[in-house]
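Novice: There's a structure below that I have some questions on.
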Amino acid sequence: MTEHELTRRRLLALGLAIPPLAALAGTDVFAGELLAATPAIADDDDDPTPAQTEGPYFTPNSPLRRSIVPARAAGTRFTLTGRVLTTAGRPIARALVDFWQADASGAYDNSGFRFRGHHFTDANGRYALTTVVPGLYPGRTKHIHVKVQPRGGSILTTQLYFPGVARNRSDRIFQSALLVRNWRRVGARRAARFDFVLR
Ligand SMILES: [Fe+2]
């Protein structure tokens, strides 16, 4: 028995066997396994990102910009990157992402556009936001508001949350599905990822 066969048998035992190329080209016992795998792939569709209230502080017509940090603003710089995807995992190019949030002290700018801005995903569905970690304000845990809209499509309004914030546990609308992923330090900054999945 060759080493290749041994590996194959072990994979088979785990239910993970990959058919040899010859099997893909023609009829083979493994054809049944390929067909059987199809429903599992369908089950892998991503759940749509949950919607949440926009709250009282949305201002329309925010500026077009990826960085929503005003010059010399206080706070820990934070970069959020990710993609806008369909439930089948396909990237959505030119989707609108419109972010707004409190500053590092927990205050919203409701007369101007500090910590407000929108931009569009690139050809691969990617966006990149530069901001600061928002502060707490009474009654809420730390969060960033966002509206996401594919071209000509309906708007997803939701909020994103931060791991390790004690007040997540008492916030009435906090959802763990909306926690930013891969939260990490990059020098003095913070970074995280979040992929929006649109129905
Ligand atoms: Fe808010």
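Residues in the structure tokens are numbered from 1 in each chain, the chains being A, B, ... in the order shown, and ligands are numbered from 1 in the order shown.
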Select the residues contacting ligand 1 at a distance of at most 7 Å, based on only C-alpha atoms and all ligand atoms, then format the selection as a PDB file with all heavy atoms, in the first residue's frame.
Specialist:
```
ATOM      1  N   GLY A  55     -31.598  53.958  15.943  1.00  0.00           N
ATOM      2  CA  GLY A  55     -31.444  54.850  17.083  1.00  0.00           C
ATOM      3  C   GLY A  55     -31.780  56.278  16.703  1.00  0.00           C
ATOM      4  O   GLY A  55     -32.210  56.552  15.584  1.00  0.00           O
ATOM      5  N   TYR A  57     -29.855  59.026  16.389  1.00  0.00           N
ATOM      6  CA  TYR A  57     -28.796  59.971  16.009  1.00  0.00           C
ATOM      7  C   TYR A  57     -28.295  59.849  14.580  1.00  0.00           C
ATOM      8  O   TYR A  57     -27.222  60.327  14.252  1.00  0.00           O
ATOM      9  CB  TYR A  57     -27.610  59.838  16.977  1.00  0.00           C
ATOM     10  CG  TYR A  57     -27.972  60.075  18.416  1.00  0.00           C
ATOM     11  CD1 TYR A  57     -27.595  59.176  19.404  1.00  0.00           C
ATOM     12  CD2 TYR A  57     -28.699  61.207  18.796  1.00  0.00           C
ATOM     13  CE1 TYR A  57     -27.925  59.390  20.737  1.00  0.00           C
ATOM     14  CE2 TYR A  57     -29.043  61.427  20.119  1.00  0.00           C
ATOM     15  CZ  TYR A  57     -28.653  60.515  21.089  1.00  0.00           C
ATOM     16  OH  TYR A  57     -28.988  60.722  22.404  1.00  0.00           O
ATOM     17  N   GLN A 101     -21.139  57.122  14.802  1.00  0.00           N
ATOM     18  CA  GLN A 101     -20.855  56.644  16.153  1.00  0.00           C
ATOM     19  C   GLN A 101     -20.607  57.818  17.084  1.00  0.00           C
ATOM     20  O   GLN A 101     -20.388  58.953  16.657  1.00  0.00           O
ATOM     21  CB  GLN A 101     -19.610  55.749  16.129  1.00  0.00           C
ATOM     22  CG  GLN A 101     -18.330  56.521  15.783  1.00  0.00           C
ATOM     23  CD  GLN A 101     -17.074  55.687  15.966  1.00  0.00           C
ATOM     24  OE1 GLN A 101     -16.742  54.882  15.109  1.00  0.00           O
ATOM     25  NE2 GLN A 101     -16.366  55.915  17.076  1.00  0.00           N
ATOM     26  N   ALA A 102     -20.564  57.494  18.395  1.00  0.00           N
ATOM     27  CA  ALA A 102     -20.152  58.462  19.406  1.00  0.00           C
ATOM     28  C   ALA A 102     -18.630  58.622  19.350  1.00  0.00           C
ATOM     29  O   ALA A 102     -17.914  57.707  18.927  1.00  0.00           O
ATOM     30  CB  ALA A 102     -20.575  57.969  20.791  1.00  0.00           C
ATOM     31  N   HIS A 143     -20.742  50.763  20.727  1.00  0.00           N
ATOM     32  CA  HIS A 143     -21.270  50.286  19.452  1.00  0.00           C
ATOM     33  C   HIS A 143     -20.980  51.285  18.345  1.00  0.00           C
ATOM     34  O   HIS A 143     -20.738  52.467  18.612  1.00  0.00           O
ATOM     35  CB  HIS A 143     -22.781  50.047  19.553  1.00  0.00           C
ATOM     36  CG  HIS A 143     -23.535  51.291  19.893  1.00  0.00           C
ATOM     37  ND1 HIS A 143     -23.648  51.776  21.169  1.00  0.00           N
ATOM     38  CD2 HIS A 143     -24.198  52.179  19.093  1.00  0.00           C
ATOM     39  CE1 HIS A 143     -24.352  52.894  21.164  1.00  0.00           C
ATOM     40  NE2 HIS A 143     -24.687  53.166  19.914  1.00  0.00           N
ATOM     41  N   ILE A 144     -21.017  50.782  17.144  1.00  0.00           N
ATOM     42  CA  ILE A 144     -20.925  51.615  15.938  1.00  0.00           C
ATOM     43  C   ILE A 144     -22.173  51.348  15.114  1.00  0.00           C
ATOM     44  O   ILE A 144     -22.552  50.198  14.901  1.00  0.00           O
ATOM     45  CB  ILE A 144     -19.661  51.276  15.120  1.00  0.00           C
ATOM     46  CG1 ILE A 144     -18.403  51.661  15.903  1.00  0.00           C
ATOM     47  CG2 ILE A 144     -19.689  51.977  13.762  1.00  0.00           C
ATOM     48  CD1 ILE A 144     -17.104  51.361  15.159  1.00  0.00           C
ATOM     49  N   HIS A 145     -22.820  52.405  14.655  1.00  0.00           N
ATOM     50  CA  HIS A 145     -23.994  52.256  13.793  1.00  0.00           C
ATOM     51  C   HIS A 145     -23.561  52.172  12.334  1.00  0.00           C
ATOM     52  O   HIS A 145     -22.585  52.804  11.939  1.00  0.00           O
ATOM     53  CB  HIS A 145     -24.906  53.482  13.921  1.00  0.00           C
ATOM     54  CG  HIS A 145     -25.505  53.670  15.271  1.00  0.00           C
ATOM     55  ND1 HIS A 145     -26.728  53.148  15.621  1.00  0.00           N
ATOM     56  CD2 HIS A 145     -25.059  54.339  16.366  1.00  0.00           C
ATOM     57  CE1 HIS A 145     -27.018  53.494  16.867  1.00  0.00           C
ATOM     58  NE2 HIS A 145     -26.004  54.224  17.352  1.00  0.00           N
TER      59      HIS A 145
END
```
Novice: Can you pull out every residue within 9 Å of Thr158 in chain A, counting only C-alpha atoms, but drop anything in the same chain fewer than 3 positions away, and send it as a PyMOL selection string?
Specialist: chain A and resi 49-54+144-148+178
Novice: Could you pull out all residues of range 74-152 of chain A with a DSSP call of strand (DSSP E or B) and give them as a PyMOL selection string?
Specialist: chain A and resi 77-86+91+96-100+116-120+126-132+137+140+143-149
Novice: Within 12 Å of Ser176 in chain A, counting only C-alpha atoms, which residues qualify if same-chain residues fewer than 6 places away don't, as a ChimeraX atom specification?
Specialist: /A:49-50,143,159-165,168-169
Novice: Would you save the residues from that selection as an mmCIF file, in the first residue's frame, using N, CA and C atoms?
Specialist:
```cif
data_model
loop_
_atom_site.group_PDB
_atom_site.id
_atom_site.type_symbol
_atom_site.label_atom_id
_atom_site.label_comp_id
_atom_site.auth_asym_id
_atom_site.auth_seq_id
_atom_site.Cartn_x
_atom_site.Cartn_y
_atom_site.Cartn_z
ATOM 1 N N THR A 49 -26.733 39.160 8.201
ATOM 2 C CA THR A 49 -26.413 39.988 9.367
ATOM 3 C C THR A 49 -27.711 40.526 9.963
ATOM 4 N N PRO A 50 -27.921 40.364 11.271
ATOM 5 C CA PRO A 50 -29.169 40.848 11.872
ATOM 6 C C PRO A 50 -29.300 42.373 11.775
ATOM 7 N N HIS A 143 -20.742 50.763 20.727
ATOM 8 C CA HIS A 143 -21.270 50.286 19.452
ATOM 9 C C HIS A 143 -20.980 51.285 18.345
ATOM 10 N N GLN A 159 -25.983 47.580 14.084
ATOM 11 C CA GLN A 159 -24.969 48.118 14.984
ATOM 12 C C GLN A 159 -23.931 47.028 15.223
ATOM 13 N N LEU A 160 -22.686 47.433 15.413
ATOM 14 C CA LEU A 160 -21.603 46.495 15.702
ATOM 15 C C LEU A 160 -21.107 46.706 17.126
ATOM 16 N N TYR A 161 -20.655 45.615 17.743
ATOM 17 C CA TYR A 161 -20.242 45.642 19.149
ATOM 18 C C TYR A 161 -18.804 45.168 19.306
ATOM 19 N N PHE A 162 -18.270 45.362 20.510
ATOM 20 C CA PHE A 162 -16.862 45.085 20.787
ATOM 21 C C PHE A 162 -16.745 44.007 21.861
ATOM 22 N N PRO A 163 -15.829 43.052 21.640
ATOM 23 C CA PRO A 163 -15.677 41.990 22.643
ATOM 24 C C PRO A 163 -15.040 42.535 23.923
ATOM 25 N N GLY A 164 -15.348 41.910 25.039
ATOM 26 C CA GLY A 164 -14.689 42.244 26.300
ATOM 27 C C GLY A 164 -15.207 43.490 26.975
ATOM 28 N N VAL A 165 -16.345 44.020 26.528
ATOM 29 C CA VAL A 165 -16.930 45.212 27.161
ATOM 30 C C VAL A 165 -17.964 44.736 28.183
ATOM 31 N N ASN A 168 -21.749 44.945 27.656
ATOM 32 C CA ASN A 168 -22.462 44.103 26.673
ATOM 33 C C ASN A 168 -23.519 43.250 27.363
ATOM 34 N N ARG A 169 -23.208 42.830 28.598
ATOM 35 C CA ARG A 169 -24.103 41.890 29.292
ATOM 36 C C ARG A 169 -25.414 42.527 29.729
#
```
